[in-house]
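> Just run34.pdb, nothing more (PDB, C-alpha atoms):
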```pdb
ATOM      1  CA  MET A  25       7.009   0.006  13.093
ATOM      2  CA  THR A  26       8.478  -1.776  10.078
ATOM      3  CA  THR A  27       6.073  -1.780   7.144
ATOM      4  CA  THR A  28       5.755  -5.294   5.764
ATOM      5  CA  LEU A  29       4.467  -5.721   2.224
ATOM      6  CA  PRO A  30       3.244  -8.800   0.370
ATOM      7  CA  SER A  31       6.036 -11.200  -0.561
ATOM      8  CA  THR A  32       7.069 -12.563  -3.939
ATOM      9  CA  ILE A  33       9.144 -15.503  -5.198
ATOM     10  CA  ALA A  34      12.793 -15.552  -6.217
ATOM     11  CA  GLY A  35      12.357 -17.519  -9.438
ATOM     12  CA  ARG A  36      10.185 -19.801 -11.525
ATOM     13  CA  VAL A  37       9.004 -23.046  -9.928
ATOM     14  CA  GLU A  38       6.930 -25.996 -11.102
ATOM     15  CA  HIS A  39       4.914 -28.557  -9.174
ATOM     16  CA  GLU A  40       2.920 -31.463 -10.606
ATOM     17  CA  LEU A  41      -0.117 -33.115  -9.068
ATOM     18  CA  VAL A  42      -1.961 -36.172 -10.410
ATOM     19  CA  VAL A  43      -5.614 -36.611  -9.424
ATOM     20  CA  LYS A  44      -7.595 -39.529 -10.893
ATOM     21  CA  LYS A  45      -5.302 -39.656 -13.943
ATOM     22  CA  SER A  46      -5.530 -35.898 -14.628
ATOM     23  CA  ARG A  47      -2.179 -34.086 -14.523
ATOM     24  CA  PHE A  48      -2.120 -30.621 -12.963
ATOM     25  CA  ILE A  49       1.159 -28.820 -13.676
ATOM     26  CA  ALA A  50       1.481 -25.626 -11.625
ATOM     27  CA  THR A  51       3.998 -23.057 -12.846
ATOM     28  CA  LEU A  52       4.692 -19.981 -10.719
ATOM     29  CA  GLN A  53       6.786 -17.136 -12.088
ATOM     30  CA  PRO A  54       7.772 -13.751 -10.654
ATOM     31  CA  VAL A  55       6.558 -10.830 -12.783
ATOM     32  CA  ALA A  56       6.861  -7.052 -12.616
ATOM     33  CA  SER A  57       3.637  -6.171 -14.430
ATOM     34  CA  VAL A  58       0.441  -7.553 -15.936
ATOM     35  CA  ALA A  59       2.166  -7.426 -19.338
ATOM     36  CA  ASP A  60       4.971  -9.636 -17.993
ATOM     37  CA  ALA A  61       2.361 -12.037 -16.644
ATOM     38  CA  GLU A  62       0.548 -12.195 -19.979
ATOM     39  CA  ALA A  63       3.824 -12.966 -21.761
ATOM     40  CA  ALA A  64       4.544 -15.776 -19.286
ATOM     41  CA  ILE A  65       1.037 -17.205 -19.791
ATOM     42  CA  ALA A  66       1.461 -17.131 -23.570
ATOM     43  CA  ALA A  67       4.808 -18.920 -23.304
ATOM     44  CA  LEU A  68       3.289 -21.677 -21.163
ATOM     45  CA  ARG A  69       0.429 -22.129 -23.622
ATOM     46  CA  ARG A  70       3.031 -22.695 -26.325
ATOM     47  CA  GLN A  71       5.066 -25.041 -24.126
ATOM     48  CA  TYR A  72       2.041 -27.165 -23.191
ATOM     49  CA  TRP A  73       0.171 -26.655 -26.469
ATOM     50  CA  ASP A  74      -1.632 -30.015 -26.252
ATOM     51  CA  ALA A  75      -3.146 -29.500 -22.775
ATOM     52  CA  ARG A  76      -6.889 -28.949 -22.357
ATOM     53  CA  HIS A  77      -6.770 -26.104 -19.821
ATOM     54  CA  HIS A  78      -4.349 -23.379 -18.737
ATOM     55  CA  CYS A  79      -5.976 -21.781 -15.692
ATOM     56  CA  VAL A  80      -4.515 -18.550 -14.366
ATOM     57  CA  ALA A  81      -4.220 -16.439 -11.236
ATOM     58  CA  LEU A  82      -2.013 -13.376 -10.993
ATOM     59  CA  VAL A  83      -1.296 -10.714  -8.398
ATOM     60  CA  VAL A  84       0.759  -7.637  -9.265
ATOM     61  CA  GLY A  85       1.757  -4.457  -7.437
ATOM     62  CA  HIS A  86       3.618  -3.557  -4.251
ATOM     63  CA  HIS A  87       0.328  -3.768  -2.338
ATOM     64  CA  ALA A  88      -1.174  -6.587  -4.464
ATOM     65  CA  GLU A  89      -3.556  -4.074  -6.013
ATOM     66  CA  GLN A  90      -3.953  -5.824  -9.383
ATOM     67  CA  GLN A  91      -5.517  -9.293  -9.277
ATOM     68  CA  ARG A  92      -6.933 -11.440 -12.079
ATOM     69  CA  SER A  93      -7.966 -15.037 -12.641
ATOM     70  CA  SER A  94      -9.255 -17.295 -15.411
ATOM     71  CA  ASP A  95     -10.924 -20.714 -15.386
ATOM     72  CA  ASP A  96     -10.007 -21.295 -19.056
ATOM     73  CA  GLY A  97     -12.940 -23.560 -19.809
ATOM     74  CA  GLU A  98     -13.278 -25.265 -16.437
ATOM     75  CA  PRO A  99     -16.620 -24.809 -14.639
ATOM     76  CA  SER A 100     -16.943 -21.249 -13.350
ATOM     77  CA  GLY A 101     -15.217 -20.676 -10.008
ATOM     78  CA  THR A 102     -13.440 -24.042  -9.855
ATOM     79  CA  ALA A 103      -9.931 -23.047 -10.938
ATOM     80  CA  GLY A 104      -8.833 -19.422 -11.251
ATOM     81  CA  VAL A 105     -10.537 -18.081  -8.137
ATOM     82  CA  PRO A 106      -9.308 -20.922  -5.846
ATOM     83  CA  MET A 107      -5.804 -20.416  -7.245
ATOM     84  CA  LEU A 108      -6.019 -16.675  -6.608
ATOM     85  CA  GLU A 109      -7.250 -17.302  -3.077
ATOM     86  CA  VAL A 110      -4.123 -19.342  -2.331
ATOM     87  CA  LEU A 111      -1.929 -16.448  -3.475
ATOM     88  CA  ARG A 112      -3.952 -14.035  -1.324
ATOM     89  CA  GLN A 113      -3.860 -16.230   1.764
ATOM     90  CA  ARG A 114      -0.110 -16.735   1.421
ATOM     91  CA  GLY A 115       0.435 -12.970   1.097
ATOM     92  CA  MET A 116       1.964 -13.032  -2.387
ATOM     93  CA  THR A 117       2.360 -10.405  -5.101
ATOM     94  CA  ASP A 118       4.229  -9.888  -8.380
ATOM     95  CA  VAL A 119       3.604 -13.515  -9.283
ATOM     96  CA  VAL A 120       1.592 -15.348 -11.938
ATOM     97  CA  ALA A 121       0.343 -18.879 -11.367
ATOM     98  CA  VAL A 122      -0.648 -21.060 -14.313
ATOM     99  CA  VAL A 123      -2.023 -24.564 -13.754
ATOM    100  CA  THR A 124      -1.962 -26.642 -16.914
ATOM    101  CA  ARG A 125      -4.337 -29.611 -16.915
ATOM    102  CA  TYR A 126      -4.087 -32.742 -18.990
ATOM    103  CA  PHE A 127      -7.495 -34.409 -18.637
ATOM    104  CA  GLY A 128      -7.331 -38.009 -17.473
ATOM    105  CA  GLY A 129     -10.813 -39.080 -18.517
ATOM    106  CA  VAL A 130     -12.403 -39.000 -15.042
ATOM    107  CA  LEU A 131     -14.645 -36.094 -14.010
ATOM    108  CA  LEU A 132     -13.603 -34.637 -10.662
ATOM    109  CA  GLY A 133     -16.689 -32.589  -9.820
ATOM    110  CA  VAL A 134     -16.725 -29.043  -8.518
ATOM    111  CA  GLY A 135     -15.160 -29.835  -5.153
ATOM    112  CA  GLY A 136     -12.489 -32.025  -6.698
ATOM    113  CA  LEU A 137     -11.479 -29.340  -9.172
ATOM    114  CA  VAL A 138     -11.282 -26.662  -6.493
ATOM    115  CA  ARG A 139      -9.059 -28.896  -4.340
ATOM    116  CA  ALA A 140      -6.846 -29.893  -7.259
ATOM    117  CA  TYR A 141      -6.207 -26.390  -8.560
ATOM    118  CA  SER A 142      -5.668 -24.844  -5.133
ATOM    119  CA  SER A 143      -3.438 -27.728  -4.023
ATOM    120  CA  ALA A 144      -1.312 -27.414  -7.161
ATOM    121  CA  VAL A 145      -0.608 -23.746  -6.466
ATOM    122  CA  SER A 146      -0.063 -24.340  -2.748
ATOM    123  CA  GLY A 147       2.396 -27.137  -3.518
ATOM    124  CA  ALA A 148       4.341 -24.888  -5.891
ATOM    125  CA  LEU A 149       4.565 -22.168  -3.242
ATOM    126  CA  ASP A 150       5.842 -24.727  -0.754
ATOM    127  CA  VAL A 151       8.919 -25.339  -2.916
ATOM    128  CA  ALA A 152       9.438 -21.699  -3.982
ATOM    129  CA  ALA A 153      12.053 -19.424  -2.448
ATOM    130  CA  ILE A 154      10.016 -16.663  -0.825
ATOM    131  CA  VAL A 155      11.300 -13.082  -0.990
ATOM    132  CA  ARG A 156      10.058 -10.749   1.747
ATOM    133  CA  ARG A 157       9.534  -7.052   1.095
ATOM    134  CA  GLU A 158       9.697  -4.169   3.516
ATOM    135  CA  VAL A 159       9.636  -0.391   3.399
ATOM    136  CA  LEU A 160      12.992   0.864   4.697
ATOM    137  CA  VAL A 161      14.422   4.379   4.964
ATOM    138  CA  GLU A 162      17.692   5.254   3.252
ATOM    139  CA  VAL A 163      20.105   6.984   5.611
ATOM    140  CA  GLY A 164      23.468   8.519   4.696
ATOM    141  CA  ILE A 165      26.393   9.003   7.073
ATOM    142  CA  ASP A 166      29.607  10.837   6.121
ATOM    143  CA  VAL A 167      32.731   9.635   7.905
ATOM    144  CA  PRO A 168      36.350  10.899   7.714
ATOM    145  CA  HIS A 169      38.588   8.469   5.868
ATOM    146  CA  GLY A 170      40.686   7.802   8.938
ATOM    147  CA  ASP A 171      37.662   6.544  10.884
ATOM    148  CA  ALA A 172      35.945   4.704   8.020
ATOM    149  CA  GLY A 173      37.176   1.183   8.766
ATOM    150  CA  ARG A 174      36.312   1.297  12.432
ATOM    151  CA  PHE A 175      32.927   2.885  11.735
ATOM    152  CA  GLU A 176      32.082   0.370   8.996
ATOM    153  CA  ASN A 177      32.659  -2.522  11.404
ATOM    154  CA  TRP A 178      30.448  -0.870  13.989
ATOM    155  CA  LEU A 179      27.727  -0.023  11.464
ATOM    156  CA  ARG A 180      27.733  -3.575  10.080
ATOM    157  CA  ASP A 181      27.146  -4.950  13.579
ATOM    158  CA  TRP A 182      24.472  -2.340  14.243
ATOM    159  CA  ALA A 183      22.657  -3.126  10.989
ATOM    160  CA  SER A 184      22.621  -6.883  11.638
ATOM    161  CA  GLY A 185      21.013  -6.288  15.022
ATOM    162  CA  HIS A 186      18.354  -3.845  13.832
ATOM    163  CA  GLY A 187      17.018  -5.379  10.613
ATOM    164  CA  ALA A 188      18.895  -2.843   8.494
ATOM    165  CA  VAL A 189      20.747  -3.337   5.192
ATOM    166  CA  LEU A 190      24.214  -1.832   4.738
ATOM    167  CA  GLY A 191      25.350  -0.894   1.234
ATOM    168  CA  GLU A 192      28.857  -0.419  -0.140
ATOM    169  CA  PRO A 193      30.489   2.879   0.906
ATOM    170  CA  ALA A 194      31.168   5.625  -1.633
ATOM    171  CA  TRP A 195      34.619   7.181  -1.453
ATOM    172  CA  ALA A 196      35.091  10.887  -2.122
ATOM    173  CA  ASP A 197      36.501  13.600   0.155
ATOM    174  CA  VAL A 198      34.811  11.546   2.898
ATOM    175  CA  ALA A 199      33.547   7.981   3.139
ATOM    176  CA  ARG A 200      29.793   8.021   2.628
ATOM    177  CA  PHE A 201      27.891   5.088   4.092
ATOM    178  CA  ALA A 202      24.338   4.284   3.033
ATOM    179  CA  VAL A 203      22.161   2.072   5.193
ATOM    180  CA  LEU A 204      18.518   1.066   4.738
ATOM    181  CA  VAL A 205      16.824   1.240   8.123
ATOM    182  CA  PRO A 206      13.412   0.170   9.434
ATOM    183  CA  PRO A 207      11.503   3.333  10.374
ATOM    184  CA  ALA A 208      11.247   2.198  13.995
ATOM    185  CA  ALA A 209      15.060   2.010  14.271
ATOM    186  CA  LEU A 210      15.837   5.517  12.957
ATOM    187  CA  ALA A 211      15.994   7.132  16.384
ATOM    188  CA  SER A 212      18.248   4.352  17.664
ATOM    189  CA  LEU A 213      20.661   4.830  14.769
ATOM    190  CA  THR A 214      20.932   8.557  15.459
ATOM    191  CA  GLU A 215      21.514   7.998  19.173
ATOM    192  CA  ASP A 216      23.902   5.087  18.747
ATOM    193  CA  ALA A 217      25.959   6.824  16.044
ATOM    194  CA  ALA A 218      26.259   9.896  18.267
ATOM    195  CA  ALA A 219      27.367   7.764  21.194
ATOM    196  CA  PHE A 220      29.908   5.873  19.067
ATOM    197  CA  SER A 221      31.430   9.069  17.627
ATOM    198  CA  ALA A 222      31.034  11.404  20.617
ATOM    199  CA  GLY A 223      28.485  13.390  18.633
ATOM    200  CA  ALA A 224      30.615  13.810  15.508
ATOM    201  CA  LEU A 225      28.529  11.678  13.137
ATOM    202  CA  VAL A 226      24.991  12.705  12.204
ATOM    203  CA  PRO A 227      22.869  10.337  10.063
ATOM    204  CA  VAL A 228      20.904  12.124   7.322
ATOM    205  CA  ARG A 229      17.516  10.688   6.496
ATOM    206  CA  GLY A 230      16.626  10.134   2.836
ATOM    207  CA  ALA A 231      13.739   8.600   0.947
ATOM    208  CA  GLU A 232      11.761   5.479   1.721
ATOM    209  CA  ARG A 233      12.499   2.459  -0.475
ATOM    210  CA  ILE A 234      10.833  -0.886  -1.018
ATOM    211  CA  VAL A 235      13.453  -3.572  -0.464
ATOM    212  CA  ASP A 236      13.491  -7.287  -1.256
ATOM    213  CA  LEU A 237      14.813  -9.363   1.627
ATOM    214  CA  PRO A 238      15.678 -13.085   1.646
TER     215      PRO A 238
END
```
Could you write out this file's structure as structure tokens?


Amino acid sequence: MTTTLPSTIAGRVEHELVVKKSRFIATLQPVASVADAEAAIAALRRQYWDARHHCVALVVGHHAEQQRSSDDGEPSGTAGVPMLEVLRQRGMTDVVAVVTRYFGGVLLGVGGLVRAYSSAVSGALDVAAIVRREVLVEVGIDVPHGDAGRFENWLRDWASGHGAVLGEPAWADVARFAVLVPPAALASLTEDAAAFSAGALVPVRGAERIVDLP
């Protein structure tokens, strides 16, 4: 079975929500570490230096193992935790969400704040380009130069039909093809390559890799 990991986003996105004259500006940014997230938060505080609140939720790690949130002066539990819950429910990781609030003079109450902060993050995710992640197995196949073109065409078709990712071949004394394969498709690749080549080509299994997929 293919191992599916939490997803991330392709790039920074912003989404603005106005509730009873308060502006909620949600900024989502992909990050590789908590340190990256903290740098992004600091930059947003400088960008929106005159805002009253900069509430934060972040999830980092291939398995979303690091999670943090901050209400930044809003009533406890009304901002950071609802924002973090949106990221959890949407299966996200390696992303920091900052919602900057410009107070509009009207109190929203606990329920109103929870809805506003969670809706701001949800709206930003709706416009973000989502990047899926999976654990795939790297497989190498050595092919004589004379058969490389024909085999590459076959392997490209095979990969597109099995959720695999074909890399560029390396040329040496033979053509070496590298393909990232879902674990469940490894046996099929071995059998199909043998059938295509009358048993001449033997895929060699390598390490597992975490791969970003569009």

> In the coordinates of the file, take the point (2.5, -12.4, -5.0) and a cut-off of 9 Å; then, counting all atoms listed in the file, name each qualifying protein, DNA or RNA residue as a compact mmCIF listing (two decimals) with C-alpha atoms, keeping the file's coordinate frame.


```txt
# COMPACT_ATOMS: atom_id res chain seq x y z
CA PRO A 30 3.24 -8.80 0.37
CA SER A 31 6.04 -11.20 -0.56
CA THR A 32 7.07 -12.56 -3.94
CA ILE A 33 9.14 -15.50 -5.20
CA PRO A 54 7.77 -13.75 -10.65
CA VAL A 55 6.56 -10.83 -12.78
CA LEU A 82 -2.01 -13.38 -10.99
CA VAL A 83 -1.30 -10.71 -8.40
CA VAL A 84 0.76 -7.64 -9.26
CA GLY A 85 1.76 -4.46 -7.44
CA HIS A 86 3.62 -3.56 -4.25
CA ALA A 88 -1.17 -6.59 -4.46
CA LEU A 111 -1.93 -16.45 -3.48
CA ARG A 112 -3.95 -14.04 -1.32
CA ARG A 114 -0.11 -16.74 1.42
CA GLY A 115 0.44 -12.97 1.10
CA MET A 116 1.96 -13.03 -2.39
CA THR A 117 2.36 -10.40 -5.10
CA ASP A 118 4.23 -9.89 -8.38
CA VAL A 119 3.60 -13.52 -9.28
CA VAL A 120 1.59 -15.35 -11.94
```

> How would you write, as a PDB file with C-alpha atoms, in the coordinates of the input, the residues chosen by the PyMOL selection byres ((chain A and resi 217) around 12) on this structure?


```
ATOM      1  CA  VAL A 163      20.105   6.984   5.611  1.00  0.00           C
ATOM      2  CA  GLY A 164      23.468   8.519   4.696  1.00  0.00           C
ATOM      3  CA  ILE A 165      26.393   9.003   7.073  1.00  0.00           C
ATOM      4  CA  ASP A 166      29.607  10.837   6.121  1.00  0.00           C
ATOM      5  CA  VAL A 167      32.731   9.635   7.905  1.00  0.00           C
ATOM      6  CA  PHE A 175      32.927   2.885  11.735  1.00  0.00           C
ATOM      7  CA  GLU A 176      32.082   0.370   8.996  1.00  0.00           C
ATOM      8  CA  TRP A 178      30.448  -0.870  13.989  1.00  0.00           C
ATOM      9  CA  LEU A 179      27.727  -0.023  11.464  1.00  0.00           C
ATOM     10  CA  TRP A 182      24.472  -2.340  14.243  1.00  0.00           C
ATOM     11  CA  ALA A 183      22.657  -3.126  10.989  1.00  0.00           C
ATOM     12  CA  LEU A 210      15.837   5.517  12.957  1.00  0.00           C
ATOM     13  CA  ALA A 211      15.994   7.132  16.384  1.00  0.00           C
ATOM     14  CA  SER A 212      18.248   4.352  17.664  1.00  0.00           C
ATOM     15  CA  LEU A 213      20.661   4.830  14.769  1.00  0.00           C
ATOM     16  CA  THR A 214      20.932   8.557  15.459  1.00  0.00           C
ATOM     17  CA  GLU A 215      21.514   7.998  19.173  1.00  0.00           C
ATOM     18  CA  ASP A 216      23.902   5.087  18.747  1.00  0.00           C
ATOM     19  CA  ALA A 218      26.259   9.896  18.267  1.00  0.00           C
ATOM     20  CA  ALA A 219      27.367   7.764  21.194  1.00  0.00           C
ATOM     21  CA  PHE A 220      29.908   5.873  19.067  1.00  0.00           C
ATOM     22  CA  SER A 221      31.430   9.069  17.627  1.00  0.00           C
ATOM     23  CA  ALA A 222      31.034  11.404  20.617  1.00  0.00           C
ATOM     24  CA  GLY A 223      28.485  13.390  18.633  1.00  0.00           C
ATOM     25  CA  ALA A 224      30.615  13.810  15.508  1.00  0.00           C
ATOM     26  CA  LEU A 225      28.529  11.678  13.137  1.00  0.00           C
ATOM     27  CA  VAL A 226      24.991  12.705  12.204  1.00  0.00           C
ATOM     28  CA  PRO A 227      22.869  10.337  10.063  1.00  0.00           C
ATOM     29  CA  VAL A 228      20.904  12.124   7.322  1.00  0.00           C
TER      30      VAL A 228
END
```

> Which is closest to Arg139 of chain A among A:Ala75, A:Met107, A:Ala196, A:Val122, if we use only C-alpha atoms?

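When distances to Arg139 of chain A are compared using only C-alpha atoms, the smallest one comes from A:Met107.
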
> With the PyMOL selection byres ((chain A and resi 81) around 12) as the selection, what would be picked from this file? Answer as a PyMOL selection string, please.

chain A and resi 50-53+58+61-62+64-65+78-80+82-84+90-96+101+103-112+116-124+141-142+145

> Would you please work out which residue, of A:Ala172, A:Leu29, A:Ala140, A:Ala148, is nearest to His87 of chain A when using all atoms listed in the file?

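Going through A:Ala172, A:Leu29, A:Ala140, A:Ala148 one by one, the smallest distance to His87 of chain A is for A:Leu29.
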
> Enumerate, as a ChimeraX atom specification, the residues matched when the PyMOL selection byres ((chain A and resi 151-157) around 8) is run on the file above.

/A:28-37,147-150,158-159,234-238

> Let me see the file: selected residues, C-alpha atoms, as a JSON list (two decimals), in the coordinates of the input.


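Saved to result.json:
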```
[["chain", "number", "residue", "atom", "x", "y", "z"],
["A", 28, "THR", "CA", 5.76, -5.29, 5.76],
["A", 29, "LEU", "CA", 4.47, -5.72, 2.22],
["A", 30, "PRO", "CA", 3.24, -8.80, 0.37],
["A", 31, "SER", "CA", 6.04, -11.20, -0.56],
["A", 32, "THR", "CA", 7.07, -12.56, -3.94],
["A", 33, "ILE", "CA", 9.14, -15.50, -5.20],
["A", 34, "ALA", "CA", 12.79, -15.55, -6.22],
["A", 35, "GLY", "CA", 12.36, -17.52, -9.44],
["A", 36, "ARG", "CA", 10.18, -19.80, -11.52],
["A", 37, "VAL", "CA", 9.00, -23.05, -9.93],
["A", 147, "GLY", "CA", 2.40, -27.14, -3.52],
["A", 148, "ALA", "CA", 4.34, -24.89, -5.89],
["A", 149, "LEU", "CA", 4.57, -22.17, -3.24],
["A", 150, "ASP", "CA", 5.84, -24.73, -0.75],
["A", 158, "GLU", "CA", 9.70, -4.17, 3.52],
["A", 159, "VAL", "CA", 9.64, -0.39, 3.40],
["A", 234, "ILE", "CA", 10.83, -0.89, -1.02],
["A", 235, "VAL", "CA", 13.45, -3.57, -0.46],
["A", 236, "ASP", "CA", 13.49, -7.29, -1.26],
["A", 237, "LEU", "CA", 14.81, -9.36, 1.63],
["A", 238, "PRO", "CA", 15.68, -13.08, 1.65]]
```

> Do you know which residues are at most 10 Å from Glu162 of chain A counting only C-alpha atoms, after dropping those on the same chain fewer than 3 positions away, and could you put them as number ranges by chain?

A: 159, 188-190, 202-207, 210, 227-233

> Using all atoms listed in the file, which of A:Val138, A:Ala56, A:Ala144, A:Leu132 sits nearest Glu38 of chain A?

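Using all atoms listed in the file, Glu38 of chain A sits closest to A:Ala144.
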
> Could you work out an axis-aligned bounding box for all listed atoms of segment 156-164 of chain A, with 8 Å added on each of the six sides, and give its centre and edge lengths in Å to one decimal, as lines of an AutoDock Vina configuration file?


```
center_x = 16.5
center_y = -1.1
center_z = 3.4
size_x = 29.9
size_y = 35.3
size_z = 20.5
```

> Quick one: pull the distance between atom CA of Ser100 of chain A and atom CA of Arg70 of chain A, Å, one decimal.

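Rounded to one decimal, the two atoms are 23.9 Å apart.
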